[in-house]
>>> print(open('input01.cif').read())   # mmCIF, C-alpha atoms
data_final
#
loop_
_atom_site.label_atom_id
_atom_site.label_comp_id
_atom_site.auth_asym_id
_atom_site.auth_seq_id
_atom_site.Cartn_x
_atom_site.Cartn_y
_atom_site.Cartn_z
CA MET H 1 -3.46 28.62 21.10
CA LYS H 2 -3.42 24.83 20.90
CA ILE H 3 -0.84 22.76 18.98
CA VAL H 4 -0.87 19.07 18.12
CA LEU H 5 2.71 17.83 17.78
CA ALA H 6 3.66 14.62 15.96
CA TYR H 7 5.80 13.26 18.79
CA SER H 8 8.14 10.26 18.88
CA GLY H 9 10.07 10.80 22.09
CA GLY H 10 13.36 11.07 20.22
CA LEU H 11 15.86 13.91 20.36
CA ASP H 12 14.18 16.25 17.90
CA THR H 13 10.58 16.08 19.07
CA SER H 14 11.57 16.08 22.76
CA VAL H 15 13.43 19.35 22.27
CA ILE H 16 10.63 20.66 20.06
CA LEU H 17 7.98 20.02 22.69
CA ARG H 18 9.87 22.10 25.27
CA TRP H 19 10.71 24.75 22.63
CA LEU H 20 7.06 25.08 21.57
CA LYS H 21 6.02 25.65 25.17
CA GLN H 22 8.70 28.29 25.71
CA THR H 23 8.35 30.04 22.34
CA TYR H 24 4.60 30.05 21.77
CA GLU H 25 3.35 29.76 25.37
CA ALA H 26 0.71 27.45 23.93
CA GLU H 27 -0.99 24.26 24.98
CA VAL H 28 0.84 21.39 23.30
CA ILE H 29 -0.81 18.01 22.77
CA ALA H 30 1.71 15.31 21.97
CA PHE H 31 0.49 12.67 19.55
CA CYS H 32 2.39 9.44 18.97
CA ALA H 33 1.30 6.93 16.37
CA ASP H 34 2.00 3.37 17.46
CA LEU H 35 3.16 1.78 14.22
CA GLY H 36 5.00 -1.08 15.85
CA GLN H 37 7.92 0.70 17.55
CA GLU H 38 7.54 -1.72 20.49
CA GLU H 39 9.87 -0.82 23.40
CA GLU H 40 10.38 2.72 22.08
CA LEU H 41 6.87 3.59 23.32
CA GLN H 42 7.63 2.74 26.95
CA GLY H 43 7.34 5.74 29.27
CA LEU H 44 6.46 8.05 26.40
CA GLU H 45 3.34 9.55 27.98
CA ALA H 46 5.10 10.42 31.25
CA LYS H 47 8.04 11.89 29.36
CA ALA H 48 5.81 14.09 27.19
CA GLN H 49 3.95 15.46 30.20
CA LYS H 50 7.25 16.12 31.97
CA LEU H 51 8.33 18.17 28.95
CA GLY H 52 5.16 20.26 29.19
CA ALA H 53 2.52 18.53 27.11
CA SER H 54 -1.03 18.94 28.38
CA LYS H 55 -1.64 15.35 27.31
CA CYS H 56 0.00 12.62 25.28
CA ILE H 57 -2.22 10.63 22.95
CA ILE H 58 -0.85 7.29 21.79
CA GLU H 59 -2.97 5.44 19.23
CA ASP H 60 -2.28 1.95 17.96
CA LEU H 61 -2.43 2.26 14.17
CA THR H 62 -0.38 -0.83 13.37
CA ARG H 63 -3.18 -2.85 11.75
CA GLU H 64 -4.35 0.07 9.65
CA PHE H 65 -0.77 0.83 8.68
CA VAL H 66 -0.07 -2.66 7.36
CA SER H 67 -3.48 -3.28 5.72
CA ASP H 68 -4.13 0.13 4.17
CA TYR H 69 -0.64 1.47 3.50
CA VAL H 70 2.02 -1.28 3.41
CA TYR H 71 -0.05 -3.87 1.54
CA PRO H 72 -1.21 -1.50 -1.26
CA MET H 73 2.43 -0.51 -1.69
CA ILE H 74 3.50 -4.16 -1.92
CA ARG H 75 0.75 -4.85 -4.49
CA ALA H 76 2.24 -2.05 -6.57
CA GLY H 77 5.76 -3.47 -6.30
CA ALA H 78 6.99 -0.12 -5.00
CA ILE H 79 10.71 0.40 -4.47
CA TYR H 80 12.53 3.74 -4.62
CA GLU H 81 15.67 3.91 -6.75
CA ASN H 82 15.66 0.09 -6.96
CA GLN H 83 16.69 -0.35 -3.31
CA TYR H 84 14.57 1.45 -0.71
CA LEU H 85 11.27 -0.15 0.33
CA LEU H 86 9.89 3.20 1.57
CA GLY H 87 9.49 2.25 5.23
CA THR H 88 9.64 5.82 6.55
CA SER H 89 7.90 7.40 3.57
CA ILE H 90 4.78 5.22 3.77
CA ALA H 91 4.29 5.90 7.50
CA ARG H 92 4.07 9.68 7.21
CA PRO H 93 0.66 10.00 5.51
CA LEU H 94 -1.03 7.85 8.17
CA ILE H 95 0.61 9.79 11.02
CA ALA H 96 -0.49 13.06 9.42
CA LYS H 97 -4.03 11.77 8.85
CA LYS H 98 -4.46 10.78 12.48
CA GLN H 99 -2.79 13.99 13.66
CA VAL H 100 -5.37 16.00 11.73
CA GLU H 101 -8.20 13.94 13.25
CA ILE H 102 -6.88 14.65 16.75
CA ALA H 103 -6.53 18.35 16.00
CA ARG H 104 -10.19 18.43 14.92
CA ARG H 105 -11.27 16.52 17.99
CA GLU H 106 -9.23 18.65 20.40
CA GLY H 107 -10.12 21.97 18.83
CA ALA H 108 -6.53 22.77 17.85
CA ASP H 109 -5.71 25.05 14.96
CA TYR H 110 -1.98 24.33 14.70
CA LEU H 111 -0.05 21.23 13.64
CA ALA H 112 3.67 20.74 14.32
CA HIS H 113 6.24 18.14 13.30
CA GLY H 114 9.90 17.43 13.98
CA ALA H 115 11.18 17.05 10.42
CA THR H 116 14.42 18.80 9.57
CA ALA H 117 14.63 21.61 7.03
CA LYS H 118 16.87 19.53 4.73
CA GLY H 119 14.86 16.35 4.74
CA ASN H 120 11.94 14.73 2.98
CA ASP H 121 9.65 14.39 5.98
CA GLN H 122 8.83 18.09 6.18
CA VAL H 123 7.41 17.80 2.67
CA ARG H 124 5.58 14.54 3.38
CA PHE H 125 3.89 15.85 6.50
CA GLU H 126 2.92 19.19 5.05
CA LEU H 127 1.64 17.84 1.74
CA ALA H 128 -0.58 15.47 3.72
CA TYR H 129 -1.78 18.34 5.92
CA ALA H 130 -2.55 20.37 2.82
CA ALA H 131 -4.56 17.55 1.28
CA LEU H 132 -6.51 16.74 4.45
CA ALA H 133 -6.77 20.02 6.37
CA PRO H 134 -5.75 23.07 4.34
CA ASP H 135 -7.26 25.37 6.98
CA LEU H 136 -4.92 24.27 9.78
CA LYS H 137 -1.68 26.20 10.33
CA VAL H 138 1.69 24.43 10.40
CA ILE H 139 4.66 25.03 12.67
CA SER H 140 8.00 23.61 11.50
CA PRO H 141 10.53 24.37 14.26
CA TRP H 142 13.57 23.36 12.22
CA ARG H 143 12.73 26.22 9.85
CA GLU H 144 12.17 28.70 12.67
CA TRP H 145 14.60 28.25 15.54
CA ASN H 146 18.30 29.15 15.79
CA PHE H 147 19.65 25.64 16.42
CA LYS H 148 22.10 24.70 13.68
CA GLY H 149 22.17 20.93 14.04
CA ARG H 150 21.88 17.91 16.31
CA GLU H 151 24.88 18.98 18.40
CA ASP H 152 22.94 22.11 19.39
CA LEU H 153 19.88 20.02 20.22
CA ILE H 154 21.90 17.64 22.39
CA ALA H 155 23.42 20.60 24.26
CA PHE H 156 19.96 22.17 24.76
CA ALA H 157 18.52 18.88 26.00
CA GLN H 158 21.33 18.41 28.50
CA LYS H 159 20.96 21.98 29.73
CA GLN H 160 17.19 21.56 30.12
CA GLY H 161 17.49 18.15 31.77
CA ILE H 162 15.68 16.41 28.92
CA GLU H 163 16.29 12.66 28.65
CA ILE H 164 17.33 11.76 25.11
CA PRO H 165 18.12 8.41 23.42
CA VAL H 166 21.23 9.71 21.60
CA SER H 167 24.68 11.00 22.52
CA ARG H 168 27.51 12.81 20.80
CA GLU H 169 29.15 9.40 20.27
CA LYS H 170 25.97 7.91 18.71
CA PRO H 171 23.99 10.83 17.27
CA TYR H 172 22.05 8.68 14.81
CA SER H 173 18.66 9.80 13.62
CA MET H 174 16.42 6.73 13.67
CA ASP H 175 12.89 6.02 12.55
CA ARG H 176 11.21 2.72 13.38
CA ASN H 177 7.92 1.04 12.61
CA ILE H 178 6.75 -2.52 11.99
CA LEU H 179 8.02 -2.37 8.39
CA HIS H 180 11.56 -1.13 9.00
CA ILE H 181 14.08 0.95 10.90
CA SER H 182 16.25 3.65 9.33
CA TYR H 183 19.53 5.21 10.42
CA GLU H 184 21.07 8.51 9.36
CA SER H 185 23.64 11.00 10.68
CA GLY H 186 26.85 10.46 12.66
CA VAL H 187 29.51 8.34 10.94
CA LEU H 188 26.94 7.41 8.29
CA GLU H 189 27.38 10.85 6.74
CA ASP H 190 30.63 9.51 5.25
CA PRO H 191 29.48 7.21 2.39
CA TRP H 192 32.86 5.43 2.49
CA GLN H 193 32.48 4.53 6.17
CA GLU H 194 31.09 1.06 6.86
CA PRO H 195 28.12 1.08 9.27
CA PRO H 196 29.24 -0.14 12.71
CA GLN H 197 27.79 -3.55 13.56
CA ASP H 198 26.36 -2.29 16.84
CA LEU H 199 24.17 0.08 14.81
CA PHE H 200 21.74 -2.65 13.72
CA ARG H 201 18.81 -3.43 15.98
CA LEU H 202 16.53 -5.75 14.04
CA THR H 203 18.58 -8.18 11.96
CA LYS H 204 21.34 -10.64 12.74
CA ASN H 205 24.62 -10.10 10.93
CA PRO H 206 24.29 -12.37 7.86
CA GLU H 207 27.73 -13.82 8.59
CA GLU H 208 26.45 -14.95 12.01
CA ALA H 209 23.05 -16.16 10.79
CA PRO H 210 22.16 -19.87 11.12
CA ASP H 211 24.19 -22.28 8.98
CA CYS H 212 21.01 -24.20 8.20
CA PRO H 213 18.67 -22.54 5.68
CA GLU H 214 14.95 -22.18 6.39
CA ILE H 215 12.26 -22.92 3.80
CA ILE H 216 8.89 -21.17 3.91
CA GLU H 217 5.79 -21.01 1.75
CA LEU H 218 3.76 -17.82 1.33
CA ASP H 219 0.13 -17.86 0.18
CA PHE H 220 -1.15 -14.99 -1.99
CA GLU H 221 -4.67 -13.94 -2.89
CA LYS H 222 -5.19 -11.04 -5.32
CA GLY H 223 -1.69 -9.73 -4.68
CA ASN H 224 -1.92 -9.89 -0.89
CA CYS H 225 0.02 -12.33 1.27
CA VAL H 226 -2.63 -14.12 3.35
CA GLY H 227 -0.77 -17.02 4.92
CA ILE H 228 2.54 -18.58 5.88
CA ASN H 229 3.18 -22.32 5.55
CA GLY H 230 -0.50 -22.96 4.98
CA GLU H 231 -1.67 -21.02 8.05
CA LYS H 232 -3.96 -18.06 7.30
CA LYS H 233 -3.08 -14.84 9.12
CA GLU H 234 -4.02 -11.17 9.19
CA PRO H 235 -1.64 -8.77 7.39
CA VAL H 236 -0.14 -7.39 10.60
CA GLU H 237 0.55 -10.89 11.92
CA ILE H 238 2.11 -11.92 8.62
CA LEU H 239 4.49 -8.96 8.70
CA ARG H 240 5.43 -9.69 12.33
CA SER H 241 6.11 -13.34 11.49
CA LEU H 242 8.18 -12.46 8.44
CA ASN H 243 10.11 -9.88 10.47
CA ALA H 244 11.10 -12.61 12.92
CA LEU H 245 12.13 -14.96 10.11
CA GLY H 246 14.01 -12.32 8.18
CA SER H 247 15.75 -10.98 11.28
CA ARG H 248 16.97 -14.45 12.24
CA HIS H 249 18.53 -14.98 8.80
CA GLY H 250 19.99 -11.49 8.35
CA ILE H 251 17.64 -10.48 5.54
CA GLY H 252 16.69 -6.92 4.65
CA ARG H 253 19.77 -4.77 5.30
CA VAL H 254 20.24 -1.95 2.78
CA ASP H 255 22.89 0.76 2.65
CA ILE H 256 22.20 3.39 -0.02
CA VAL H 257 22.92 6.92 -1.12
CA GLU H 258 19.53 8.22 -2.20
CA ASN H 259 18.21 11.38 -3.80
CA ARG H 260 16.03 13.43 -1.48
CA PHE H 261 13.10 15.36 -2.90
CA VAL H 262 14.69 18.67 -1.85
CA GLY H 263 17.69 18.00 -4.10
CA ILE H 264 20.26 16.64 -1.63
CA LYS H 265 21.91 13.25 -1.78
CA SER H 266 21.85 11.48 1.58
CA ARG H 267 23.14 8.19 2.92
CA GLY H 268 20.62 5.95 4.66
CA VAL H 269 20.99 2.54 6.25
CA TYR H 270 17.84 0.44 6.57
CA GLU H 271 16.65 -2.82 8.04
CA CYS H 272 13.46 -4.17 6.47
CA PRO H 273 13.36 -7.95 7.04
CA GLY H 274 9.68 -8.81 6.60
CA GLY H 275 9.07 -6.23 3.90
CA THR H 276 11.98 -7.55 1.85
CA ILE H 277 10.54 -11.07 1.94
CA LEU H 278 7.06 -9.81 1.02
CA HIS H 279 8.32 -7.70 -1.88
CA PHE H 280 10.44 -10.54 -3.26
CA ALA H 281 7.76 -13.22 -2.91
CA HIS H 282 5.08 -11.01 -4.46
CA ARG H 283 7.24 -10.52 -7.52
CA GLN H 284 7.72 -14.27 -7.84
CA ILE H 285 3.99 -15.07 -7.91
CA GLU H 286 3.49 -12.26 -10.42
CA THR H 287 5.96 -13.85 -12.82
CA LEU H 288 3.59 -16.79 -13.04
CA THR H 289 0.25 -14.98 -13.19
CA LEU H 290 0.67 -11.55 -14.81
CA ASP H 291 0.27 -11.07 -18.55
CA ARG H 292 3.48 -9.87 -20.20
CA GLU H 293 2.13 -6.55 -21.45
CA VAL H 294 0.40 -5.79 -18.15
CA MET H 295 3.60 -6.58 -16.23
CA HIS H 296 5.80 -4.46 -18.47
CA LEU H 297 3.41 -1.51 -18.43
CA ARG H 298 3.04 -1.79 -14.65
CA ASP H 299 6.82 -2.00 -14.25
CA SER H 300 7.22 1.20 -16.25
CA LEU H 301 4.95 2.96 -13.74
CA ILE H 302 6.59 1.64 -10.55
CA PRO H 303 9.30 4.37 -10.45
CA LYS H 304 6.63 7.09 -10.66
CA TYR H 305 4.43 5.48 -8.01
CA SER H 306 7.43 4.98 -5.71
CA GLU H 307 8.51 8.57 -6.26
CA LEU H 308 5.04 9.80 -5.31
CA ILE H 309 5.24 7.97 -1.99
CA TYR H 310 8.83 9.05 -1.37
CA ASN H 311 8.03 12.69 -2.10
CA GLY H 312 4.87 12.78 0.01
CA PHE H 313 2.03 12.59 -2.52
CA TRP H 314 0.14 9.65 -1.00
CA PHE H 315 -3.10 11.66 -0.88
CA SER H 316 -2.74 12.97 -4.42
CA PRO H 317 -5.12 12.18 -7.30
CA GLU H 318 -2.28 10.71 -9.35
CA ARG H 319 -1.40 8.21 -6.59
CA TYR H 320 -5.05 7.14 -6.32
CA PHE H 321 -5.14 6.76 -10.11
CA LEU H 322 -2.05 4.57 -10.20
CA GLN H 323 -3.22 2.53 -7.21
CA SER H 324 -6.44 1.67 -9.01
CA ALA H 325 -4.50 0.52 -12.06
CA PHE H 326 -2.11 -1.59 -10.01
CA ASP H 327 -4.91 -3.15 -7.98
CA GLN H 328 -6.74 -4.02 -11.20
CA SER H 329 -3.67 -5.99 -12.28
CA GLN H 330 -3.74 -8.08 -9.12
CA HIS H 331 -7.07 -9.90 -9.54
CA PHE H 332 -5.40 -13.19 -10.52
CA VAL H 333 -2.14 -12.80 -8.59
CA SER H 334 -2.91 -15.75 -6.33
CA GLY H 335 -0.96 -18.87 -5.45
CA VAL H 336 1.96 -20.13 -3.38
CA VAL H 337 5.64 -19.17 -3.41
CA ARG H 338 8.31 -21.34 -1.78
CA LEU H 339 11.45 -19.54 -0.60
CA LYS H 340 14.75 -20.40 1.03
CA LEU H 341 16.15 -17.97 3.63
CA TYR H 342 19.88 -18.23 4.16
CA LYS H 343 22.51 -15.80 5.46
CA GLY H 344 20.97 -12.61 4.12
CA HIS H 345 19.75 -14.14 0.85
CA LEU H 346 16.38 -15.11 -0.57
CA THR H 347 16.12 -17.88 -3.15
CA THR H 348 13.00 -18.98 -4.98
CA LEU H 349 12.47 -22.73 -4.82
CA GLY H 350 9.07 -22.87 -6.49
CA ARG H 351 5.80 -21.18 -7.28
CA LYS H 352 2.34 -22.42 -8.28
CA SER H 353 -1.05 -20.88 -9.00
CA PRO H 354 -4.49 -21.92 -10.21
CA TYR H 355 -4.22 -18.91 -12.54
CA SER H 356 -0.78 -19.75 -13.89
CA LEU H 357 -0.08 -18.51 -17.41
CA TYR H 358 2.85 -20.87 -17.70
CA ASN H 359 2.05 -23.60 -20.23
CA PRO H 360 4.56 -26.47 -20.11
CA LYS H 361 3.41 -27.68 -23.54
CA LEU H 362 4.50 -24.34 -25.02
CA ALA H 363 7.64 -23.89 -22.92
CA THR H 364 9.09 -27.37 -23.40
CA MET H 365 12.30 -27.96 -25.36
CA GLU H 366 10.90 -31.35 -26.31
CA SER H 367 8.00 -32.19 -28.62
CA ASP H 368 5.01 -29.98 -27.83
CA GLN H 369 2.56 -32.24 -29.75
CA GLY H 370 1.50 -29.47 -32.10
CA ALA H 371 0.93 -26.74 -29.50
CA TYR H 372 3.37 -24.44 -31.35
CA ASP H 373 4.30 -24.42 -35.03
CA PRO H 374 7.98 -23.41 -35.41
CA LYS H 375 7.32 -22.24 -38.97
CA ASP H 376 5.20 -19.39 -37.60
CA ALA H 377 8.35 -17.83 -36.16
CA THR H 378 9.70 -17.16 -39.67
CA GLY H 379 6.98 -14.66 -40.54
CA PHE H 380 7.07 -13.21 -37.03
CA ILE H 381 10.79 -12.50 -37.24
CA ARG H 382 10.56 -11.22 -40.83
CA LEU H 383 7.88 -8.66 -39.92
CA ASN H 384 9.72 -7.52 -36.81
CA SER H 385 12.98 -7.15 -38.72
CA LEU H 386 11.43 -5.20 -41.64
CA ARG H 387 12.19 -1.83 -40.07
CA LEU H 388 15.78 -2.82 -39.24
CA ARG H 389 16.42 -4.19 -42.74
CA THR H 390 14.99 -1.03 -44.29
CA ILE H 391 17.27 1.21 -42.20
CA ALA H 392 20.32 -0.96 -42.92
CA SER H 393 19.68 -0.94 -46.68
CA SER H 394 19.23 2.82 -46.75
CA GLN H 395 22.39 3.53 -44.75
CA GLN H 396 24.53 1.05 -46.62
CA GLY H 397 23.43 2.53 -49.94
CA LYS H 398 24.77 5.93 -48.87
#
>>> encode(input="input01.cif", output="structure tokens")
Amino acid sequence: MKIVLAYSGGLDTSVILRWLKQTYEAEVIAFCADLGQEEELQGLEAKAQKLGASKCIIEDLTREFVSDYVYPMIRAGAIYENQYLLGTSIARPLIAKKQVEIARREGADYLAHGATAKGNDQVRFELAYAALAPDLKVISPWREWNFKGREDLIAFAQKQGIEIPVSREKPYSMDRNILHISYESGVLEDPWQEPPQDLFRLTKNPEEAPDCPEIIELDFEKGNCVGINGEKKEPVEILRSLNALGSRHGIGRVDIVENRFVGIKSRGVYECPGGTILHFAHRQIETLTLDREVMHLRDSLIPKYSELIYNGFWFSPERYFLQSAFDQSQHFVSGVVRLKLYKGHLTTLGRKSPYSLYNPKLATMESDQGAYDPKDATGFIRLNSLRLRTIASSQQGK
């Protein structure tokens, strides 16, 4: 029996690796996707082997993650419940995809993950497995073992001599990649409790951010950010640069109570500095270049698209369908956006595009030299009010 475990080196998957060895007496291959966790990957291979893994495979997927997952999501304007930029959600399908590839390569017939039985990730992983490898069997330890919560896992880890990055004082569940970091559990389970300042790892406290604002210009081509301040860069380098800028100015902190797919409300705290800047800037260039009806129709579909990602349906036909529609809308979303970064806030200073639909002759409050005939508005308003006048007359008569 051979199992490929999606392994992060955190509390859950460290305990799971040892538990899989003891429970199934199987060969366990630990797989870690490098999505930009940086220092969290240090010593991971040695730790996995110490826990009993036959090998630990670490693959750098950062470029693929940004280009093929984050950027399509930005082009679609995705945001879940108007606040969450889906940093954890969008990483799961790529991890699952690579995990399946490794299982095929290594001749394994079991996949395992560390998602809890109350969370969204169990659904995300297993829907991706189903779409990509329906023949492989899935082991979900949180739905099998007798541990009741993180306290039990911490006690087991201490008893087994397993090094873990959490304690009873700071039992936070964290997920990090180049797009964001998330925090759950511990004091955060009280939605009235303010997150402690020592929780945050990526961004400066906005109150302590520089007193001098920073102005940047972002270049867009077909909905993709391709440069910063006139310098062309690859997507992964753009996100890294924007992370540094956003972190310095305290941008991208979000504290929300969100609705999980399984029907539970949960409180999550997120840091997403570069992604917040990208999402905001992309919207600004769209205001200049997207047709009104296209924008409004697209906006009506954003909640559904975001929900598909959040719930784990990245590899579904409906997500592919919506992605094609969104990408079609982006053909002329090109130009430059100028932003001001200051103490946790983003302000638009300007935007320009060779495909701008903004016509100053039409928009002006001064003489438009015949570009627009005000008399035309009379018939326009009369036709649009016909239904309302008909209803009012009928109701007043009765």
>>> resolve_selection(input="input01.cif", expression="the PyMOL selection byres ((chain H and resi 84-92) around 7)", output="ChimeraX atom specification")
/H:69,78-83,93-96,124-125,175,179-180,309-310
>>> resolve_selection(input="input01.cif", expression="the PyMOL selection byres ((chain H and resi 136) around 7)", output="mmCIF file with C-alpha atoms, in the coordinates of the input")
data_model
loop_
_atom_site.group_PDB
_atom_site.id
_atom_site.type_symbol
_atom_site.label_atom_id
_atom_site.label_comp_id
_atom_site.auth_asym_id
_atom_site.auth_seq_id
_atom_site.Cartn_x
_atom_site.Cartn_y
_atom_site.Cartn_z
ATOM 1 C CA ASP H 109 -5.710 25.050 14.960
ATOM 2 C CA TYR H 110 -1.980 24.330 14.700
ATOM 3 C CA LEU H 111 -0.050 21.230 13.640
ATOM 4 C CA ALA H 133 -6.770 20.020 6.370
ATOM 5 C CA PRO H 134 -5.750 23.070 4.340
ATOM 6 C CA ASP H 135 -7.260 25.370 6.980
ATOM 7 C CA LYS H 137 -1.680 26.200 10.330
ATOM 8 C CA VAL H 138 1.690 24.430 10.400
#
>>> closest_residue(input="input01.cif", among="H:Ser324, H:Ser300, H:Asn384, H:Thr289", to="Ser353 in chain H", atoms="all atoms listed in the file")
H:Thr289
>>> resolve_selection(input="input01.cif", expression="the PyMOL selection byres ((chain H and resi 153) around 12)", output="PyMOL selection string")
chain H and resi 10-16+18-19+141-142+145-152+154-164+166-168+171
>>> write_last_selection(input="input01.cif", atoms="C-alpha atoms", output="CSV table (one decimal), in the coordinates of the input")
chain,number,residue,atom,x,y,z
H,10,GLY,CA,13.4,11.1,20.2
H,11,LEU,CA,15.9,13.9,20.4
H,12,ASP,CA,14.2,16.2,17.9
H,13,THR,CA,10.6,16.1,19.1
H,14,SER,CA,11.6,16.1,22.8
H,15,VAL,CA,13.4,19.4,22.3
H,16,ILE,CA,10.6,20.7,20.1
H,18,ARG,CA,9.9,22.1,25.3
H,19,TRP,CA,10.7,24.8,22.6
H,141,PRO,CA,10.5,24.4,14.3
H,142,TRP,CA,13.6,23.4,12.2
H,145,TRP,CA,14.6,28.2,15.5
H,146,ASN,CA,18.3,29.2,15.8
H,147,PHE,CA,19.6,25.6,16.4
H,148,LYS,CA,22.1,24.7,13.7
H,149,GLY,CA,22.2,20.9,14.0
H,150,ARG,CA,21.9,17.9,16.3
H,151,GLU,CA,24.9,19.0,18.4
H,152,ASP,CA,22.9,22.1,19.4
H,154,ILE,CA,21.9,17.6,22.4
H,155,ALA,CA,23.4,20.6,24.3
H,156,PHE,CA,20.0,22.2,24.8
H,157,ALA,CA,18.5,18.9,26.0
H,158,GLN,CA,21.3,18.4,28.5
H,159,LYS,CA,21.0,22.0,29.7
H,160,GLN,CA,17.2,21.6,30.1
H,161,GLY,CA,17.5,18.2,31.8
H,162,ILE,CA,15.7,16.4,28.9
H,163,GLU,CA,16.3,12.7,28.6
H,164,ILE,CA,17.3,11.8,25.1
H,166,VAL,CA,21.2,9.7,21.6
H,167,SER,CA,24.7,11.0,22.5
H,168,ARG,CA,27.5,12.8,20.8
H,171,PRO,CA,24.0,10.8,17.3
>>> residues_around(input="input01.cif", residues="range 252-254 of chain H", least_positions_apart="6", cutoff="8 Å", atoms="only C-alpha atoms", output="ChimeraX atom specification")
/H:83-84,203,246,269-277,344
>>> write_last_selection(input="input01.cif", atoms="C-alpha atoms", output="compact mmCIF listing (two decimals), keeping the file's coordinate frame")
# COMPACT_ATOMS: atom_id res chain seq x y z
CA GLN H 83 16.69 -0.35 -3.31
CA TYR H 84 14.57 1.45 -0.71
CA THR H 203 18.58 -8.18 11.96
CA GLY H 246 14.01 -12.32 8.18
CA VAL H 269 20.99 2.54 6.25
CA TYR H 270 17.84 0.44 6.57
CA GLU H 271 16.65 -2.82 8.04
CA CYS H 272 13.46 -4.17 6.47
CA PRO H 273 13.36 -7.95 7.04
CA GLY H 274 9.68 -8.81 6.60
CA GLY H 275 9.07 -6.23 3.90
CA THR H 276 11.98 -7.55 1.85
CA ILE H 277 10.54 -11.07 1.94
CA GLY H 344 20.97 -12.61 4.12
>>> residues_near_point(input="input01.cif", point="(27.5, -2.9, 9.9)", cutoff="12 Å", atoms="only C-alpha atoms", output="list in words")
Tyr183, Val187, Leu188, Gln193, Glu194, Pro195, Pro196, Gln197, Asp198, Leu199, Phe200, Arg201, Thr203, Lys204, Asn205, Pro206, Glu207, Gly250, Arg253, Val254, Asp255, Val269, Tyr270 and Glu271 of chain H
>>> axis_aligned_box(input="input01.cif", around="range 72-78 of chain H", padding_each_side="8 Å", output="lines of an AutoDock Vina configuration file")
center_x = 2.9
center_y = -2.5
center_z = -3.9
size_x = 24.2
size_y = 20.7
size_z = 21.3
>>> atom_distance(input="input01.cif", atom1="CA of Ser54 in chain H", atom2="CA of Ile102 in chain H")
13.7 Å
>>> closest_residue(input="input01.cif", among="H:Phe280, H:Tyr7, H:Tyr372, H:Tyr342", to="Ile251 in chain H", atoms="only C-alpha atoms")
H:Tyr342
>>> atom_distance(input="input01.cif", atom1="CA of Ile285 in chain H", atom2="CA of Gly223 in chain H")
8.4 Å
>>> residues_near_point(input="input01.cif", point="(-1.9, -11.6, -15.0)", cutoff="12 Å", atoms="all atoms listed in the file", output="JSON, numbers by chain")
{"H": [222, 223, 283, 285, 286, 287, 288, 289, 290, 291, 292, 293, 294, 295, 296, 297, 298, 326, 327, 328, 329, 330, 331, 332, 333, 334, 353, 354, 355, 356, 357, 358]}
>>> residues_around(input="input01.cif", residues="Leu322 in chain H", least_positions_apart="3", cutoff="12 Å", atoms="all atoms listed in the file", output="JSON, numbers by chain")
{"H": [72, 73, 75, 76, 77, 78, 297, 298, 299, 300, 301, 302, 303, 304, 305, 306, 307, 308, 309, 313, 314, 315, 316, 317, 318, 319, 325, 326, 327, 328, 329]}
>>> write_last_selection(input="input01.cif", atoms="C-alpha atoms", output="compact mmCIF listing (two decimals), in the coordinates of the input")
# COMPACT_ATOMS: atom_id res chain seq x y z
CA PRO H 72 -1.21 -1.50 -1.26
CA MET H 73 2.43 -0.51 -1.69
CA ARG H 75 0.75 -4.85 -4.49
CA ALA H 76 2.24 -2.05 -6.57
CA GLY H 77 5.76 -3.47 -6.30
CA ALA H 78 6.99 -0.12 -5.00
CA LEU H 297 3.41 -1.51 -18.43
CA ARG H 298 3.04 -1.79 -14.65
CA ASP H 299 6.82 -2.00 -14.25
CA SER H 300 7.22 1.20 -16.25
CA LEU H 301 4.95 2.96 -13.74
CA ILE H 302 6.59 1.64 -10.55
CA PRO H 303 9.30 4.37 -10.45
CA LYS H 304 6.63 7.09 -10.66
CA TYR H 305 4.43 5.48 -8.01
CA SER H 306 7.43 4.98 -5.71
CA GLU H 307 8.51 8.57 -6.26
CA LEU H 308 5.04 9.80 -5.31
CA ILE H 309 5.24 7.97 -1.99
CA PHE H 313 2.03 12.59 -2.52
CA TRP H 314 0.14 9.65 -1.00
CA PHE H 315 -3.10 11.66 -0.88
CA SER H 316 -2.74 12.97 -4.42
CA PRO H 317 -5.12 12.18 -7.30
CA GLU H 318 -2.28 10.71 -9.35
CA ARG H 319 -1.40 8.21 -6.59
CA ALA H 325 -4.50 0.52 -12.06
CA PHE H 326 -2.11 -1.59 -10.01
CA ASP H 327 -4.91 -3.15 -7.98
CA GLN H 328 -6.74 -4.02 -11.20
CA SER H 329 -3.67 -5.99 -12.28
>>> atom_distance(input="input01.cif", atom1="CA of Asn120 in chain H", atom2="CA of Ser266 in chain H")
10.5 Å
>>> closest_residue(input="input01.cif", among="H:Ile3, H:Phe31, H:Glu126, H:Cys212", to="Ala108 in chain H", atoms="only C-alpha atoms")
H:Ile3
>>> closest_residue(input="input01.cif", among="H:Glu258, H:Glu366, H:Glu38, H:Asp373", to="Glu184 in chain H", atoms="only C-alpha atoms")
H:Glu258
>>> closest_residue(input="input01.cif", among="H:Ile381, H:Val336, H:Leu35, H:Val28", to="Asn224 in chain H", atoms="all atoms listed in the file")
H:Val336
>>> closest_residue(input="input01.cif", among="H:Val123, H:Ala46, H:Ile178, H:Leu17", to="Glu64 in chain H", atoms="all atoms listed in the file")
H:Ile178
>>> residues_around(input="input01.cif", residues="Ala26 in chain H", least_positions_apart="2", cutoff="9 Å", atoms="all atoms listed in the file", output="list in words")
Met1, Lys2, Ile3, Leu20, Lys21, Gln22, Thr23, Tyr24 and Val28 of chain H
